[in-house]
Amino acid sequence: ERMFKKVVLGTVLFFASVVVAFFLLIKVIDFNEYKPRIQKTIKDVLGYEVAIKGDITLSLSPVGVRIFDVEIKNPYHKPHEAFAKVGAFDIAVEIAPLLKKEIKVKHIAFEKLNLNIEKSKEGHYNFEKLADISNKKQKETNATKQADKEEYFSLININKVKFSEATVLFNNAQTNNKVSAEKLNLFLDNISLDSTKSSKLQGLSFKADISIEKLLFNHYTFANVSTNVQMKDALISMEELQYTLFDSLFQGSGKLDISGQVPRISVKQKVQELKLAKISEHFFGKAVFEGNANAEVKLASLLADKNTTRSTLGGFIAIQGENIYLQGYDLDALAAKINEQDTFDPSAIEQLLLKPSQDANKTSTRLKQLVIKTDIGYSEVKLSDVAMSTDKYRMAIKGAINIVEERFLDVKMAFIDDGGCATFEQTITGKFQKPKLKLDESVINSVARSALSLFGKSKKEQEELVIRPEEPCVPFYQGEVKSPKNP
């Protein structure tokens, strides 16, 4: 998967080529009069159809050119659609190097760039040129134009690049990944290219400030993204990284490693007042939880297709909150029903565990304490400490889930007594969409008590007849959530 590297290199080389084309035409005085000639020359040099619809103006302080309303098309991929549009393109140079026939760019600025990048199922990008199709023409001009390009590239020194209110769209038909950035502001400084490095990405270094008003990645929406970036040795470090996700402010840092064939991203984030309603709406389709919590996230994964990303995901997620409301469920009623051993009904328990109340909008449980701590790796999410407490009872869940196959791996949920032992234990198996309950020993004993009560057996006789484990209780839960009786 060389997708990200090709996009980065293609974008860098494209805009560098634009600079080359500009200085090939620097001797032209009346740019507006010679627009057709400029556009033809750019096509001959770069291979792109360029339409300059606005004016071209010159400036003396600093020395440079400003071009308005530019469209760029690839004649070999959707030739009637522009894959890039620029509201204004501005370039300024330093005077002294020009006297030595050298070009040193003070800055390049793009205003309201609209860039649409597509990758086909065959792995081709919409900005790729005719290199593989018209080999004859490339061979004929290789000795002249390619040599000229290399010469000009060696002379150009770009110091600063700025993008204002850009819109970038990327659609990967191979992986069905879609990314879009709206109102992207990017300022790159201290740009350098070390030609001694093994690859251009390894040799490229810069510092940058980035802000994005809205960033969409598949089904996730990030708002007000901002970070300070430094790139060196194909590693992009993001400090002071913050964004809003699920109406919650995430703050921390991140890294993007593009040295390999597949990019790898890692993030460390902390969240104050995580909006649990928004998260549960996203994952469950409804607001299962209401309230705010504190969270800490440390995750790393490859950026590829969904299964690869999930299978390479590693790290942890920790959430802690108080006075959280569980919507559609009455845990106290469930615990009370389980304790009514004489009238125990397994079907009723399944109804309460897997399905919300019929009047879900009015039914809820106040959770005095909620803790969710998971460790993630090798396609599995281990439920390290997942528990909650009400005013009367305490419930815990342990086990693991497979996020690639989307199924429960022997997940057990239980009501916990003061000593951490399970008073009632139930196993959940199956797919996320259709979970199933598996009868545990505590359920079997409860059913046995119900059956014996039908034959008039006393509770003492029931205790003697029902098989119980001979060994003492092994604590089911020893985590952070305290018993309501021992806060």
# chains A, B, ... in the order shown; residues from 1 in each chain; ligands from 1
call {"tool": "residues_around", "arguments": {"residues": "Ser199 of chain A", "least_positions_apart": "6", "cutoff": "10 Å", "atoms": "only C-alpha atoms", "output": "VMD selection string"}}
result
chain A and resid 233 to 234 259
call {"tool": "select_by_dssp", "arguments": {"residues": "segment 161-347 of chain A", "states": "strand (DSSP E or B)", "output": "PyMOL selection string"}}
result
chain A and resi 161-172+177-193+204-217+220-232+235-245+248-257+264-275+289-290+292-302+314-327
call {"tool": "select_by_dssp", "arguments": {"residues": "segment 264-306 of chain A", "states": "helix (DSSP H, G or I)", "output": "JSON, numbers by chain"}}
result
{"A": [276, 277, 278, 279, 280, 281, 282, 283, 284, 306]}
call {"tool": "closest_residue", "arguments": {"among": "A:Ala287, A:Leu331, A:Ala400, A:Leu276", "to": "Ile319 of chain A", "atoms": "only C-alpha atoms"}}
result
A:Leu276
call {"tool": "atom_distance", "arguments": {"atom1": "atom CA of Asn159 of chain A", "atom2": "atom CA of Gln230 of chain A"}}
result
14.9 Å
call {"tool": "atom_distance", "arguments": {"atom1": "atom CA of Val70 of chain A", "atom2": "atom CA of Ile212 of chain A"}}
result
22.8 Å
call {"tool": "atom_distance", "arguments": {"atom1": "atom CA of Arg310 of chain A", "atom2": "atom CA of Val381 of chain A"}}
result
10.3 Å
call {"tool": "residues_around", "arguments": {"residues": "segment 192-195 of chain A", "least_positions_apart": "4", "cutoff": "6 Å", "atoms": "only C-alpha atoms", "output": "list in words"}}
result
Gly203, Leu204 and Ser205 of chain A
call {"tool": "residues_around", "arguments": {"residues": "Gly321 of chain A", "least_positions_apart": "2", "cutoff": "9 Å", "atoms": "only C-alpha atoms", "output": "VMD selection string"}}
result
chain A and resid 273 291 to 295 319 323 to 324 367 to 371
call {"tool": "write_last_selection", "arguments": {"atoms": "C-alpha atoms", "output": "compact mmCIF listing (two decimals), in the first residue's frame"}}
result
# COMPACT_ATOMS: atom_id res chain seq x y z
CA GLU A 273 -16.24 15.91 29.81
CA GLY A 291 -23.70 12.21 31.05
CA ASN A 292 -20.05 13.21 30.91
CA ALA A 293 -16.88 11.33 31.82
CA ASN A 294 -13.11 11.74 31.74
CA ALA A 295 -11.16 9.64 29.26
CA ILE A 319 -13.17 6.09 30.80
CA ASN A 323 -23.75 10.11 37.94
CA ILE A 324 -24.14 8.59 34.48
CA LEU A 367 -24.93 4.96 37.81
CA LYS A 368 -23.09 6.34 40.81
CA GLN A 369 -19.81 5.19 39.28
CA LEU A 370 -18.83 3.96 35.82
CA VAL A 371 -15.41 2.59 34.84
call {"tool": "closest_residue", "arguments": {"among": "A:Gln242, A:Lys268, A:Gly420, A:Leu313", "to": "Cys473 of chain A", "atoms": "only C-alpha atoms"}}
result
A:Gly420
call {"tool": "residues_around", "arguments": {"residues": "Ile376 of chain A", "least_positions_apart": "2", "cutoff": "7 Å", "atoms": "only C-alpha atoms", "output": "list in words"}}
result
Leu313, Gly314, Gly315, Phe316, Thr374, Glu380, Val381 and Lys382 of chain A
call {"tool": "write_last_selection", "arguments": {"atoms": "C-alpha atoms", "output": "PDB file, in the first residue's frame"}}
result
ATOM      1  CA  LEU A 313      -4.937  -1.612  16.396  1.00  0.00           C
ATOM      2  CA  GLY A 314      -3.185  -1.566  19.763  1.00  0.00           C
ATOM      3  CA  GLY A 315      -3.224   0.476  22.963  1.00  0.00           C
ATOM      4  CA  PHE A 316      -5.812   1.226  25.607  1.00  0.00           C
ATOM      5  CA  THR A 374      -9.842  -1.824  27.896  1.00  0.00           C
ATOM      6  CA  GLU A 380      -9.168  -8.155  20.480  1.00  0.00           C
ATOM      7  CA  VAL A 381     -10.421  -5.689  23.049  1.00  0.00           C
ATOM      8  CA  LYS A 382      -9.840  -7.056  26.533  1.00  0.00           C
TER       9      LYS A 382
END
